[in-house]
file protein-v9.txt (compact mmCIF, C-alpha atoms)
# COMPACT_ATOMS: atom_id res chain seq x y z
CA MET A 1 -66.51 7.37 -42.38
CA ASP A 2 -67.33 9.35 -39.25
CA ASP A 3 -65.30 6.89 -37.17
CA ASP A 4 -62.24 7.37 -39.39
CA VAL A 5 -62.49 11.14 -39.03
CA GLN A 6 -62.72 10.93 -35.26
CA ILE A 7 -59.71 8.59 -35.06
CA SER A 8 -57.65 10.86 -37.33
CA ALA A 9 -58.58 13.91 -35.29
CA ALA A 10 -57.59 12.21 -32.01
CA ALA A 11 -54.26 11.12 -33.49
CA PHE A 12 -53.64 14.66 -34.75
CA ILE A 13 -54.30 16.12 -31.30
CA ILE A 14 -51.97 13.63 -29.60
CA LEU A 15 -49.23 14.28 -32.15
CA CYS A 16 -49.49 18.05 -31.74
CA ASP A 17 -49.30 17.71 -27.95
CA ALA A 18 -46.14 15.58 -28.23
CA ILE A 19 -44.51 18.12 -30.56
CA LYS A 20 -45.32 20.95 -28.15
CA LYS A 21 -43.70 19.08 -25.25
CA LYS A 22 -40.50 18.70 -27.25
CA GLN A 23 -40.52 22.36 -28.13
CA ARG A 24 -40.83 23.47 -24.52
CA LYS A 25 -38.04 25.44 -22.93
CA ARG A 26 -34.85 23.39 -22.40
CA ARG A 27 -34.16 22.18 -18.89
CA ARG A 28 -32.25 24.67 -16.82
CA TYR A 29 -29.08 23.61 -15.00
CA TRP A 30 -28.14 25.33 -11.80
CA MET A 31 -25.38 25.26 -9.19
CA THR A 32 -25.79 25.68 -5.45
CA ASN A 33 -24.03 28.46 -3.61
CA LEU A 34 -21.70 25.84 -2.06
CA PHE A 35 -20.15 25.01 -5.42
CA LYS A 36 -20.25 28.55 -6.82
CA SER A 37 -17.55 29.56 -4.33
CA ARG A 38 -15.18 26.73 -5.16
CA ASN A 39 -12.55 29.05 -6.69
CA ILE A 40 -11.98 31.16 -3.57
CA TYR A 41 -11.31 28.53 -0.89
CA SER A 42 -7.91 28.24 0.74
CA GLY A 43 -7.04 24.86 -0.80
CA SER A 44 -7.55 26.14 -4.35
CA ASN A 45 -5.49 29.25 -3.69
CA LEU A 46 -2.78 27.05 -2.27
CA LEU A 47 -2.70 24.88 -5.38
CA ASN A 48 -2.54 27.91 -7.65
CA ASP A 49 0.39 29.36 -5.71
CA LEU A 50 3.24 26.90 -5.14
CA SER A 51 5.64 29.64 -4.11
CA LEU A 52 8.36 29.05 -1.52
CA SER A 53 6.55 31.20 1.02
CA ARG A 54 3.73 28.67 1.09
CA THR A 55 5.77 25.49 0.65
CA GLY A 56 5.35 24.39 4.26
CA GLN A 57 1.59 24.83 4.12
CA PHE A 58 1.42 22.90 0.86
CA LYS A 59 3.46 20.02 2.28
CA ASN A 60 1.11 19.71 5.25
CA PHE A 61 -1.88 19.84 2.92
CA CYS A 62 -0.81 17.09 0.49
CA ARG A 63 2.10 15.34 2.31
CA ILE A 64 4.31 15.93 -0.71
CA SER A 65 6.79 18.53 -1.92
CA CYS A 66 5.80 21.08 -4.57
CA GLU A 67 8.40 19.63 -6.97
CA ASP A 68 7.07 16.08 -6.69
CA PHE A 69 3.50 17.34 -7.00
CA GLU A 70 4.34 19.06 -10.28
CA TYR A 71 6.19 15.94 -11.44
CA LEU A 72 3.08 13.82 -10.81
CA ILE A 73 1.03 16.35 -12.76
CA HIS A 74 3.49 15.94 -15.64
CA LEU A 75 3.14 12.12 -15.44
CA ILE A 76 -0.62 11.76 -15.20
CA GLY A 77 -2.04 15.14 -16.19
CA HIS A 78 -3.06 14.00 -19.67
CA LYS A 79 -4.78 10.91 -18.22
CA ILE A 80 -6.95 12.65 -15.64
CA ALA A 81 -7.78 15.85 -17.57
CA LYS A 82 -11.45 16.31 -18.47
CA GLN A 83 -12.88 18.23 -21.41
CA GLU A 84 -15.15 21.22 -20.84
CA THR A 85 -18.86 20.45 -21.24
CA THR A 86 -21.79 22.67 -22.21
CA PHE A 87 -23.07 23.02 -18.67
CA ARG A 88 -20.02 23.21 -16.41
CA GLN A 89 -16.32 23.90 -16.29
CA PRO A 90 -14.03 20.89 -15.81
CA ILE A 91 -12.28 20.40 -12.48
CA PRO A 92 -8.59 21.40 -12.95
CA VAL A 93 -6.00 18.65 -13.06
CA LYS A 94 -4.13 20.03 -10.03
CA GLU A 95 -7.30 20.02 -8.03
CA ARG A 96 -8.14 16.44 -9.01
CA LEU A 97 -4.71 15.25 -7.87
CA ALA A 98 -4.95 17.30 -4.66
CA VAL A 99 -8.34 15.78 -3.81
CA THR A 100 -6.89 12.28 -4.11
CA LEU A 101 -3.72 13.03 -2.15
CA ARG A 102 -5.77 14.69 0.57
CA PHE A 103 -8.07 11.65 0.76
CA LEU A 104 -5.10 9.26 1.05
CA ALA A 105 -3.25 11.44 3.55
CA THR A 106 -6.16 12.09 5.94
CA GLY A 107 -8.76 9.41 5.30
CA ASP A 108 -11.43 12.14 5.40
CA SER A 109 -14.89 11.18 4.23
CA TYR A 110 -16.14 12.35 0.86
CA THR A 111 -18.47 14.71 2.72
CA SER A 112 -15.55 16.44 4.46
CA LEU A 113 -13.68 16.73 1.18
CA MET A 114 -16.80 18.13 -0.46
CA TYR A 115 -16.86 21.11 1.90
CA LEU A 116 -13.12 21.64 1.59
CA PHE A 117 -12.84 21.46 -2.20
CA LYS A 118 -16.42 22.49 -3.05
CA ILE A 119 -16.87 19.43 -5.25
CA SER A 120 -19.82 17.05 -5.05
CA LYS A 121 -19.40 13.68 -3.34
CA GLN A 122 -20.25 11.84 -6.56
CA SER A 123 -17.51 13.70 -8.42
CA ILE A 124 -14.99 13.05 -5.64
CA SER A 125 -15.77 9.33 -5.77
CA THR A 126 -15.04 9.29 -9.50
CA ILE A 127 -11.96 11.49 -9.18
CA VAL A 128 -10.32 9.34 -6.49
CA THR A 129 -10.77 6.17 -8.53
CA GLU A 130 -9.50 7.70 -11.78
CA VAL A 131 -6.47 9.41 -10.22
CA CYS A 132 -5.51 6.31 -8.20
CA GLN A 133 -5.61 4.22 -11.37
CA ALA A 134 -3.50 6.79 -13.22
CA LEU A 135 -0.94 6.89 -10.37
CA CYS A 136 -0.67 3.10 -10.32
CA ASP A 137 -0.08 3.01 -14.08
CA ALA A 138 2.49 5.81 -13.98
CA LEU A 139 4.42 4.64 -10.89
CA LYS A 140 4.36 0.87 -11.45
CA ASP A 141 8.11 0.77 -12.11
CA TYR A 142 8.77 2.04 -8.58
CA VAL A 143 7.66 -1.32 -7.12
CA LYS A 144 9.55 -4.15 -8.74
CA MET A 145 11.77 -7.03 -7.70
CA PRO A 146 15.43 -7.19 -8.73
CA SER A 147 15.81 -8.78 -12.14
CA THR A 148 19.44 -9.96 -11.96
CA ILE A 149 21.65 -11.93 -9.59
CA GLU A 150 23.79 -8.84 -9.02
CA GLU A 151 20.78 -6.79 -7.89
CA TRP A 152 19.64 -9.50 -5.46
CA THR A 153 23.19 -9.76 -4.11
CA GLN A 154 23.26 -6.00 -3.49
CA THR A 155 19.91 -6.22 -1.68
CA SER A 156 21.24 -9.07 0.46
CA LYS A 157 24.38 -7.11 1.33
CA ILE A 158 22.29 -4.37 2.99
CA PHE A 159 20.70 -6.92 5.33
CA GLU A 160 24.09 -8.43 6.13
CA ASP A 161 25.86 -5.10 6.78
CA VAL A 162 23.08 -3.27 8.62
CA TRP A 163 20.98 -6.01 10.23
CA HIS A 164 23.62 -8.75 10.57
CA PHE A 165 21.57 -11.39 8.76
CA PRO A 166 23.56 -12.94 5.88
CA HIS A 167 21.86 -14.46 2.84
CA CYS A 168 18.68 -12.46 3.52
CA LEU A 169 17.03 -11.06 0.39
CA ALA A 170 13.99 -9.27 1.84
CA ALA A 171 11.41 -9.30 4.62
CA LEU A 172 7.99 -10.83 3.94
CA ASP A 173 4.74 -10.11 5.75
CA GLY A 174 0.99 -9.99 5.23
CA LYS A 175 -1.76 -7.85 6.72
CA HIS A 176 -5.53 -7.78 6.83
CA ILE A 177 -7.00 -4.46 5.68
CA MET A 178 -10.42 -3.82 7.19
CA LEU A 179 -13.36 -3.18 4.88
CA GLN A 180 -16.95 -2.18 5.24
CA ALA A 181 -18.95 -5.33 4.50
CA PRO A 182 -19.21 -5.49 0.68
CA ILE A 183 -22.73 -5.64 -0.76
CA GLN A 184 -24.05 -9.19 -1.24
CA SER A 185 -20.66 -10.72 -0.41
CA GLY A 186 -21.87 -13.00 2.40
CA SER A 187 -18.86 -14.48 4.19
CA GLU A 188 -16.56 -14.13 1.18
CA TYR A 189 -14.42 -11.44 2.85
CA TYR A 190 -15.19 -12.42 6.48
CA ASN A 191 -11.98 -13.45 8.25
CA TYR A 192 -11.07 -15.37 11.40
CA LYS A 193 -11.08 -12.17 13.49
CA SER A 194 -14.74 -11.60 12.69
CA PHE A 195 -14.53 -8.63 10.35
CA HIS A 196 -14.42 -8.16 6.59
CA SER A 197 -11.05 -7.59 4.95
CA ILE A 198 -8.77 -7.94 1.98
CA VAL A 199 -5.21 -9.22 2.39
CA LEU A 200 -2.00 -7.38 1.56
CA LEU A 201 1.12 -9.50 0.99
CA ALA A 202 4.33 -7.49 0.67
CA LEU A 203 8.07 -7.94 0.29
CA VAL A 204 10.35 -5.15 1.61
CA ASP A 205 14.07 -4.60 1.03
CA GLY A 206 16.66 -3.37 3.52
CA GLN A 207 15.95 0.28 2.67
CA TYR A 208 12.23 0.12 3.52
CA ASN A 209 11.11 -0.01 -0.12
CA PHE A 210 8.44 -2.41 -1.38
CA LEU A 211 9.76 -4.93 -3.88
CA PHE A 212 6.55 -6.89 -4.40
CA CYS A 213 2.92 -6.55 -3.35
CA ASP A 214 -0.17 -8.69 -3.77
CA VAL A 215 -3.39 -6.91 -2.72
CA GLY A 216 -6.98 -8.05 -2.84
CA GLY A 217 -7.04 -11.60 -1.49
CA GLN A 218 -10.31 -12.41 0.27
CA GLY A 219 -10.10 -12.24 4.05
CA ARG A 220 -11.64 -15.69 4.51
CA ILE A 221 -8.71 -17.37 2.74
CA SER A 222 -5.95 -18.56 5.06
CA ASP A 223 -2.50 -17.02 4.98
CA GLY A 224 -1.16 -20.18 3.38
CA GLY A 225 -3.74 -19.94 0.62
CA ILE A 226 -2.97 -16.27 0.00
CA PHE A 227 0.76 -16.91 -0.26
CA LYS A 228 0.47 -20.12 -2.29
CA ASN A 229 -1.71 -18.32 -4.85
CA SER A 230 0.63 -15.35 -5.19
CA LEU A 231 3.02 -14.68 -8.06
CA LEU A 232 5.92 -14.61 -5.58
CA TRP A 233 5.32 -18.19 -4.47
CA ARG A 234 5.01 -19.43 -8.04
CA LYS A 235 8.35 -17.85 -8.89
CA ILE A 236 9.98 -19.36 -5.80
CA GLU A 237 8.48 -22.78 -6.46
CA LYS A 238 9.50 -22.81 -10.14
CA ARG A 239 12.92 -21.28 -9.33
CA GLU A 240 12.28 -18.38 -11.68
CA LEU A 241 13.77 -15.73 -9.37
CA PRO A 242 17.38 -14.91 -10.37
CA ILE A 243 18.66 -15.23 -6.80
CA PRO A 244 22.29 -16.20 -6.10
CA GLU A 245 23.29 -19.82 -5.66
CA PRO A 246 23.62 -21.25 -2.11
CA ARG A 247 26.94 -20.44 -0.46
CA ILE A 248 28.88 -21.49 2.62
CA LEU A 249 28.77 -19.09 5.57
CA PRO A 250 32.13 -17.93 6.97
CA GLY A 251 33.67 -20.62 9.17
CA ARG A 252 30.98 -23.19 8.31
CA GLN A 253 30.77 -26.11 5.89
CA LYS A 254 27.12 -26.38 4.81
CA ARG A 255 25.83 -24.45 1.80
CA ILE A 256 22.99 -22.11 2.75
CA PRO A 257 20.48 -20.74 0.20
CA TYR A 258 19.38 -17.11 0.11
CA VAL A 259 16.16 -16.61 2.03
CA PHE A 260 13.27 -14.28 2.81
CA VAL A 261 12.60 -13.68 6.51
CA ALA A 262 9.00 -13.95 7.72
CA ASP A 263 6.94 -14.53 10.86
CA ASP A 264 5.00 -17.55 12.14
CA ALA A 265 2.16 -16.96 9.68
CA PHE A 266 4.24 -18.50 6.88
CA ALA A 267 5.46 -22.04 6.38
CA LEU A 268 9.16 -22.82 6.75
CA HIS A 269 10.76 -23.36 3.35
CA ASP A 270 14.26 -23.58 1.89
CA ASN A 271 13.92 -19.93 0.83
CA ILE A 272 11.67 -18.72 3.69
CA MET A 273 12.92 -18.53 7.27
CA LYS A 274 10.63 -18.00 10.26
CA PRO A 275 11.30 -18.05 14.05
CA TYR A 276 11.46 -21.17 16.19
CA SER A 277 8.13 -21.69 17.92
CA GLY A 278 7.80 -21.74 21.69
CA LEU A 279 9.97 -20.30 24.48
CA HIS A 280 13.72 -20.94 24.63
CA ASP A 281 16.29 -20.40 27.36
CA LYS A 282 18.48 -17.33 27.22
CA GLY A 283 21.70 -17.93 25.32
CA THR A 284 20.45 -20.91 23.31
CA PRO A 285 20.98 -20.93 19.53
CA GLU A 286 17.21 -20.97 18.95
CA ARG A 287 16.64 -17.83 21.01
CA ILE A 288 19.56 -16.01 19.41
CA PHE A 289 18.27 -16.99 15.95
CA ASN A 290 14.82 -15.63 16.78
CA TYR A 291 16.37 -12.36 17.95
CA ARG A 292 18.49 -11.93 14.84
CA LEU A 293 15.59 -12.82 12.53
CA SER A 294 13.28 -10.38 14.34
CA ARG A 295 15.83 -7.57 13.86
CA ALA A 296 15.87 -8.23 10.11
CA ARG A 297 12.09 -8.62 9.90
CA ARG A 298 11.60 -5.28 11.67
CA ILE A 299 12.13 -3.71 8.23
CA VAL A 300 8.71 -4.75 6.95
CA GLU A 301 6.98 -3.72 10.19
CA ASN A 302 8.51 -0.25 9.86
CA ALA A 303 7.40 0.00 6.23
CA PHE A 304 3.81 -0.87 7.15
CA GLY A 305 3.99 1.47 10.14
CA ILE A 306 5.09 4.55 8.19
CA LEU A 307 2.58 3.70 5.43
CA SER A 308 -0.39 3.82 7.83
CA ALA A 309 1.05 6.77 9.79
CA VAL A 310 1.28 9.02 6.71
CA PHE A 311 -1.55 7.63 4.57
CA ARG A 312 -4.19 7.74 7.26
CA VAL A 313 -6.85 6.34 4.99
CA LEU A 314 -5.40 2.99 6.16
CA ARG A 315 -6.11 3.73 9.81
CA LYS A 316 -9.80 2.94 9.60
CA PRO A 317 -12.04 0.48 7.75
CA LEU A 318 -12.19 1.39 4.08
CA LEU A 319 -15.74 2.34 3.10
CA LEU A 320 -15.17 1.10 -0.45
CA GLU A 321 -15.92 -1.92 -2.54
CA PRO A 322 -13.06 -4.50 -2.61
CA GLU A 323 -11.80 -3.51 -6.07
CA LYS A 324 -11.66 0.19 -5.20
CA ALA A 325 -10.09 -0.61 -1.82
CA ARG A 326 -7.43 -2.66 -3.59
CA LEU A 327 -6.71 0.27 -5.91
CA VAL A 328 -6.37 2.69 -2.97
CA VAL A 329 -3.96 0.40 -1.11
CA LEU A 330 -1.85 -0.17 -4.24
CA THR A 331 -1.65 3.59 -4.76
CA THR A 332 -0.27 4.12 -1.24
CA LEU A 333 2.38 1.45 -1.85
CA TYR A 334 3.49 3.04 -5.12
CA LEU A 335 3.52 6.50 -3.56
CA HIS A 336 5.59 5.15 -0.65
CA ASN A 337 8.42 4.10 -2.96
CA PHE A 338 8.04 7.23 -5.10
CA LEU A 339 8.26 9.58 -2.11
CA ARG A 340 11.20 7.65 -0.64
CA SER A 341 13.17 8.16 -3.86
CA GLY A 342 12.17 11.73 -4.67
CA ASN A 343 12.41 15.23 -3.26
CA SER A 344 9.77 14.39 -0.65
CA ASN A 345 11.95 11.88 1.20
CA GLN A 346 12.73 14.32 4.03
CA ILE A 347 9.03 15.15 4.31
CA TYR A 348 7.78 11.58 4.11
CA THR A 349 10.44 9.91 6.28
CA PRO A 350 12.48 12.54 8.15
CA PRO A 351 15.35 11.38 10.39
CA GLY A 352 14.07 9.36 13.31
CA THR A 353 10.99 8.04 11.50
CA PHE A 354 12.15 4.42 11.41
CA ASP A 355 13.44 2.26 14.25
CA SER A 356 17.18 2.48 14.89
CA GLU A 357 19.71 0.89 17.24
CA GLU A 358 22.66 1.95 19.36
CA ASP A 359 24.79 -1.03 20.40
CA GLY A 360 21.76 -3.26 20.05
CA LEU A 361 19.42 -1.00 22.04
CA LEU A 362 16.21 -0.35 20.13
CA ILE A 363 15.26 3.29 19.60
CA GLU A 364 11.67 3.38 18.44
CA GLY A 365 10.83 5.42 15.35
CA THR A 366 8.41 8.31 15.47
CA TRP A 367 5.84 6.30 13.50
CA ARG A 368 5.28 4.13 16.59
CA ARG A 369 4.42 7.18 18.69
CA ASP A 370 2.33 8.85 16.00
CA GLY A 371 0.60 5.71 14.81
CA ASN A 372 -2.89 4.70 15.89
CA PRO A 373 -3.02 1.20 17.42
CA GLU A 374 -6.53 0.81 16.03
CA ASN A 375 -5.55 1.00 12.38
CA SER A 376 -6.77 -1.38 9.70
CA PHE A 377 -3.42 -3.16 9.33
CA LEU A 378 -3.91 -6.35 11.34
CA PRO A 379 -1.69 -9.47 11.22
CA ILE A 380 -2.73 -12.47 9.22
CA ARG A 381 -3.42 -15.68 11.07
CA ARG A 382 -0.58 -17.78 12.45
CA LEU A 383 -1.07 -21.51 12.01
CA PRO A 384 1.20 -24.37 13.16
CA ARG A 385 2.36 -26.60 10.33
CA LYS A 386 5.02 -29.24 9.88
CA SER A 387 8.09 -27.92 8.07
CA PRO A 388 10.21 -29.82 5.51
CA LEU A 389 13.32 -31.47 6.96
CA ASN A 390 15.74 -29.62 4.67
CA ALA A 391 14.29 -26.25 5.65
CA GLN A 392 14.69 -27.15 9.32
CA GLN A 393 18.34 -28.05 8.72
CA ILE A 394 18.94 -24.69 6.99
CA ARG A 395 17.42 -22.86 9.96
CA ASN A 396 19.52 -24.90 12.40
CA GLU A 397 22.67 -24.10 10.44
CA LEU A 398 21.88 -20.38 10.58
CA ALA A 399 21.18 -20.66 14.31
CA GLU A 400 24.56 -22.33 14.91
CA TYR A 401 26.28 -19.67 12.81
CA PHE A 402 24.69 -16.83 14.78
CA SER A 403 25.93 -18.44 18.00
CA SER A 404 29.51 -18.93 16.76
CA ASN A 405 31.27 -17.28 13.81
CA GLY A 406 28.41 -14.88 13.05
CA ALA A 407 27.80 -13.67 16.61
CA VAL A 408 27.49 -9.94 17.32
CA SER A 409 28.63 -8.35 20.58
CA PHE A 410 25.21 -7.26 21.88
CA GLN A 411 23.09 -10.30 21.04
CA ASP A 412 23.51 -12.06 24.41
CA LYS A 413 22.34 -8.92 26.20
CA TYR A 414 19.08 -8.48 24.24
CA ALA A 415 18.22 -11.98 22.97

call {"tool": "encode", "arguments": {"input": "protein-v9.txt", "output": "structure tokens"}}
result
Amino acid sequence: MDDDVQISAAAFIILCDAIKKKQRKRRRYWMTNLFKSRNIYSGSNLLNDLSLSRTGQFKNFCRISCEDFEYLIHLIGHKIAKQETTFRQPIPVKERLAVTLRFLATGDSYTSLMYLFKISKQSISTIVTEVCQALCDALKDYVKMPSTIEEWTQTSKIFEDVWHFPHCLAALDGKHIMLQAPIQSGSEYYNYKSFHSIVLLALVDGQYNFLFCDVGGQGRISDGGIFKNSLLWRKIEKRELPIPEPRILPGRQKRIPYVFVADDAFALHDNIMKPYSGLHDKGTPERIFNYRLSRARRIVENAFGILSAVFRVLRKPLLLEPEKARLVVLTTLYLHNFLRSGNSNQIYTPPGTFDSEEDGLLIEGTWRRDGNPENSFLPIRRLPRKSPLNAQQIRNELAEYFSSNGAVSFQDKYA
């Protein structure tokens, strides 16, 4: 009996002690002085006052016009808004968008953004991911391929009128985007240039807009593997793209299909033209063809150039996991097309930004002078491969056309 009393007493004491612990004063939450002052910094004041007197400052801060900034708020505000909690006020929607745009525009570390916006690094990490996802969802219609024969024909006409390359639909290229070595990834993202990367495959029209993008391929996979596993190749292979039927070039007799122009990293195909390999004598059809193709393919190089010149997060290795890095890159592509079509066009690509020509003489765009040669956009590997006979005949026919009926006055001088 005494043992039972002792056991009951011990249990009672333990139970009382547990109840007392639960009844202790609730945990106090506090905020450091750094984050208490977050409403009086210059960036916040700037976001709260989008008046014309401060428009220039705002454009430099976010690389976007006030009108387009407000439009993006209208598009994604309901997706990125957070409810007020018991212990802290939610970060305003404008501020969340501004943090992300500032990160994309400057490539600043989360620590630098923390001191600018007075937001913790953990919160910034979450904000950037959420806002990038919301932007991709809202702006996905800004990056899309033509859906009709008439639209593809219009796209081809721009290349023929401006860049003197008939039957060209778009320019194709791929780039390695440098990454910090992902955790426990081994050699999965380790490429032939001895660094970790994901691959960006993009298609650009004659007005420097992205028509198609495939981001996230592992750096170890060859360029052929990246392209052959892309949606674009499957559509080309299955003839699902509504491109116009092959036509005869002026003054010629052979029907030529509509093509995408690319560099040596891609295999020659009936619908993909690349330069002749090796060196060729001046004035030969092969050299003239390479010159004309390079002029048309300059479109995609300019698009990549302005992308990394404005969105400077692409100028250095991305310190993100592959999935988050893919999301960041996709966001810059969508914003590129959005800014090109909106009120921010003169801010994003003012006159002189892209390469231009005067009688065949190349005038380099400002992005080449402003760009950093050590950015994370590096070419994918170029591999020799045997091309199909029909594709070679199509390239030869184009080369003969450029040297005869389709010749331009300045090509002999610069080819």

call {"tool": "atom_distance", "arguments": {"input": "protein-v9.txt", "atom1": "atom CA of Ile243 of chain A", "atom2": "atom CA of Thr148 of chain A"}}
result
7.4 Å

call {"tool": "atom_distance", "arguments": {"input": "protein-v9.txt", "atom1": "atom CA of Leu398 of chain A", "atom2": "atom CA of Pro242 of chain A"}}
result
22.1 Å

call {"tool": "atom_distance", "arguments": {"input": "protein-v9.txt", "atom1": "atom CA of Gly219 of chain A", "atom2": "atom CA of Ser197 of chain A"}}
result
4.8 Å

call {"tool": "closest_residue", "arguments": {"input": "protein-v9.txt", "among": "A:Tyr348, A:Tyr401, A:Phe304, A:Tyr291", "to": "Ala415 of chain A", "atoms": "all atoms listed in the file"}}
result
A:Tyr291

call {"tool": "residues_around", "arguments": {"input": "protein-v9.txt", "residues": "Ser404 of chain A", "least_positions_apart": "3", "cutoff": "10 Å", "atoms": "all atoms listed in the file", "output": "JSON, numbers by chain"}}
result
{"A": [251, 252, 285, 398, 399, 400, 401, 407, 408]}

call {"tool": "closest_residue", "arguments": {"input": "protein-v9.txt", "among": "A:Arg63, A:Lys157, A:Lys324, A:Lys79", "to": "Ala105 of chain A", "atoms": "all atoms listed in the file"}}
result
A:Arg63

call {"tool": "closest_atom_pairs", "arguments": {"input": "protein-v9.txt", "of": "segment 268-369 of chain A", "to": "segment 124-132 of chain A", "cutoff": "10 Å", "atoms": "all atoms listed in the file", "output": "Markdown table"}}
result
| residue | atom | partner | partner_atom | distance |
| --- | --- | --- | --- | --- |
| A:Leu320 | CA | A:Ser125 | CA | 9.8 |
| A:Lys324 | CA | A:Thr129 | CA | 6.9 |
| A:Ala325 | CA | A:Thr129 | CA | 9.6 |
| A:Leu327 | CA | A:Cys132 | CA | 6.6 |
| A:Val328 | CA | A:Cys132 | CA | 6.4 |
| A:Val329 | CA | A:Cys132 | CA | 9.4 |
| A:Leu330 | CA | A:Cys132 | CA | 8.4 |
| A:Thr331 | CA | A:Cys132 | CA | 5.8 |
| A:Thr332 | CA | A:Cys132 | CA | 9.0 |

call {"tool": "residues_around", "arguments": {"input": "protein-v9.txt", "residues": "segment 363-365 of chain A", "least_positions_apart": "3", "cutoff": "8 Å", "atoms": "all atoms listed in the file", "output": "ChimeraX atom specification"}}
result
/A:352-358,368-369

call {"tool": "residues_around", "arguments": {"input": "protein-v9.txt", "residues": "Ile299 of chain A", "least_positions_apart": "2", "cutoff": "12 Å", "atoms": "only C-alpha atoms", "output": "MDAnalysis selection string"}}
result
chainID A and resid 158:159 162:163 168:173 202:210 260:262 293:297 301:306 354:356 365

call {"tool": "closest_residue", "arguments": {"input": "protein-v9.txt", "among": "A:Val300, A:Ile119, A:Ile394, A:Val99", "to": "Lys254 of chain A", "atoms": "all atoms listed in the file"}}
result
A:Ile394

call {"tool": "closest_residue", "arguments": {"input": "protein-v9.txt", "among": "A:Val143, A:Leu389, A:Ala309, A:Ala81", "to": "His269 of chain A", "atoms": "all atoms listed in the file"}}
result
A:Leu389

call {"tool": "residues_around", "arguments": {"input": "protein-v9.txt", "residues": "Val93 of chain A", "least_positions_apart": "4", "cutoff": "8 Å", "atoms": "all atoms listed in the file", "output": "list in words"}}
result
Ile73, Gly77, Ile80, Ala81 and Leu97 of chain A

call {"tool": "closest_residue", "arguments": {"input": "protein-v9.txt", "among": "A:Gly278, A:Phe311, A:Asn337, A:Gln393", "to": "Arg102 of chain A", "atoms": "only C-alpha atoms"}}
result
A:Phe311

call {"tool": "closest_residue", "arguments": {"input": "protein-v9.txt", "among": "A:Val199, A:Leu319, A:Ile91, A:Met145", "to": "Ser123 of chain A", "atoms": "all atoms listed in the file"}}
result
A:Ile91

call {"tool": "residues_around", "arguments": {"input": "protein-v9.txt", "residues": "Asn343 of chain A", "least_positions_apart": "3", "cutoff": "9 Å", "atoms": "all atoms listed in the file", "output": "list in words"}}
result
Ile64, Ser65, Cys66, Glu67, Asp68, Leu339, Arg340, Gln346 and Ile347 of chain A

call {"tool": "build_atoms", "arguments": {"input": "protein-v9.txt", "residues": "segment 253-265 of chain A", "atoms": "N, CA and C atoms", "output": "PDB file, keeping the file's coordinate frame"}}
result
ATOM      1  N   GLN A 253      30.519 -25.176   6.984  1.00  0.00           N
ATOM      2  CA  GLN A 253      30.770 -26.110   5.890  1.00  0.00           C
ATOM      3  C   GLN A 253      29.536 -26.387   5.038  1.00  0.00           C
ATOM      4  N   LYS A 254      28.349 -26.079   5.529  1.00  0.00           N
ATOM      5  CA  LYS A 254      27.120 -26.380   4.810  1.00  0.00           C
ATOM      6  C   LYS A 254      26.712 -25.206   3.931  1.00  0.00           C
ATOM      7  N   ARG A 255      26.300 -25.492   2.708  1.00  0.00           N
ATOM      8  CA  ARG A 255      25.830 -24.450   1.800  1.00  0.00           C
ATOM      9  C   ARG A 255      24.430 -23.985   2.234  1.00  0.00           C
ATOM     10  N   ILE A 256      24.252 -22.689   2.307  1.00  0.00           N
ATOM     11  CA  ILE A 256      22.990 -22.110   2.750  1.00  0.00           C
ATOM     12  C   ILE A 256      22.391 -21.286   1.613  1.00  0.00           C
ATOM     13  N   PRO A 257      21.120 -21.535   1.269  1.00  0.00           N
ATOM     14  CA  PRO A 257      20.480 -20.740   0.200  1.00  0.00           C
ATOM     15  C   PRO A 257      20.135 -19.334   0.688  1.00  0.00           C
ATOM     16  N   TYR A 258      19.846 -18.461  -0.238  1.00  0.00           N
ATOM     17  CA  TYR A 258      19.380 -17.110   0.110  1.00  0.00           C
ATOM     18  C   TYR A 258      17.897 -17.182   0.456  1.00  0.00           C
ATOM     19  N   VAL A 259      17.500 -16.432   1.465  1.00  0.00           N
ATOM     20  CA  VAL A 259      16.160 -16.610   2.030  1.00  0.00           C
ATOM     21  C   VAL A 259      15.432 -15.279   2.191  1.00  0.00           C
ATOM     22  N   PHE A 260      14.120 -15.388   2.382  1.00  0.00           N
ATOM     23  CA  PHE A 260      13.270 -14.280   2.810  1.00  0.00           C
ATOM     24  C   PHE A 260      12.902 -14.532   4.272  1.00  0.00           C
ATOM     25  N   VAL A 261      12.956 -13.512   5.097  1.00  0.00           N
ATOM     26  CA  VAL A 261      12.600 -13.680   6.510  1.00  0.00           C
ATOM     27  C   VAL A 261      11.129 -13.328   6.696  1.00  0.00           C
ATOM     28  N   ALA A 262      10.437 -14.120   7.513  1.00  0.00           N
ATOM     29  CA  ALA A 262       9.000 -13.950   7.720  1.00  0.00           C
ATOM     30  C   ALA A 262       8.654 -14.297   9.160  1.00  0.00           C
ATOM     31  N   ASP A 263       7.370 -14.185   9.507  1.00  0.00           N
ATOM     32  CA  ASP A 263       6.940 -14.530  10.860  1.00  0.00           C
ATOM     33  C   ASP A 263       6.251 -15.888  10.858  1.00  0.00           C
ATOM     34  N   ASP A 264       5.605 -16.228  11.984  1.00  0.00           N
ATOM     35  CA  ASP A 264       5.000 -17.550  12.140  1.00  0.00           C
ATOM     36  C   ASP A 264       3.826 -17.801  11.216  1.00  0.00           C
ATOM     37  N   ALA A 265       3.315 -16.772  10.547  1.00  0.00           N
ATOM     38  CA  ALA A 265       2.160 -16.960   9.680  1.00  0.00           C
ATOM     39  C   ALA A 265       2.527 -17.728   8.409  1.00  0.00           C
TER      40      ALA A 265
END
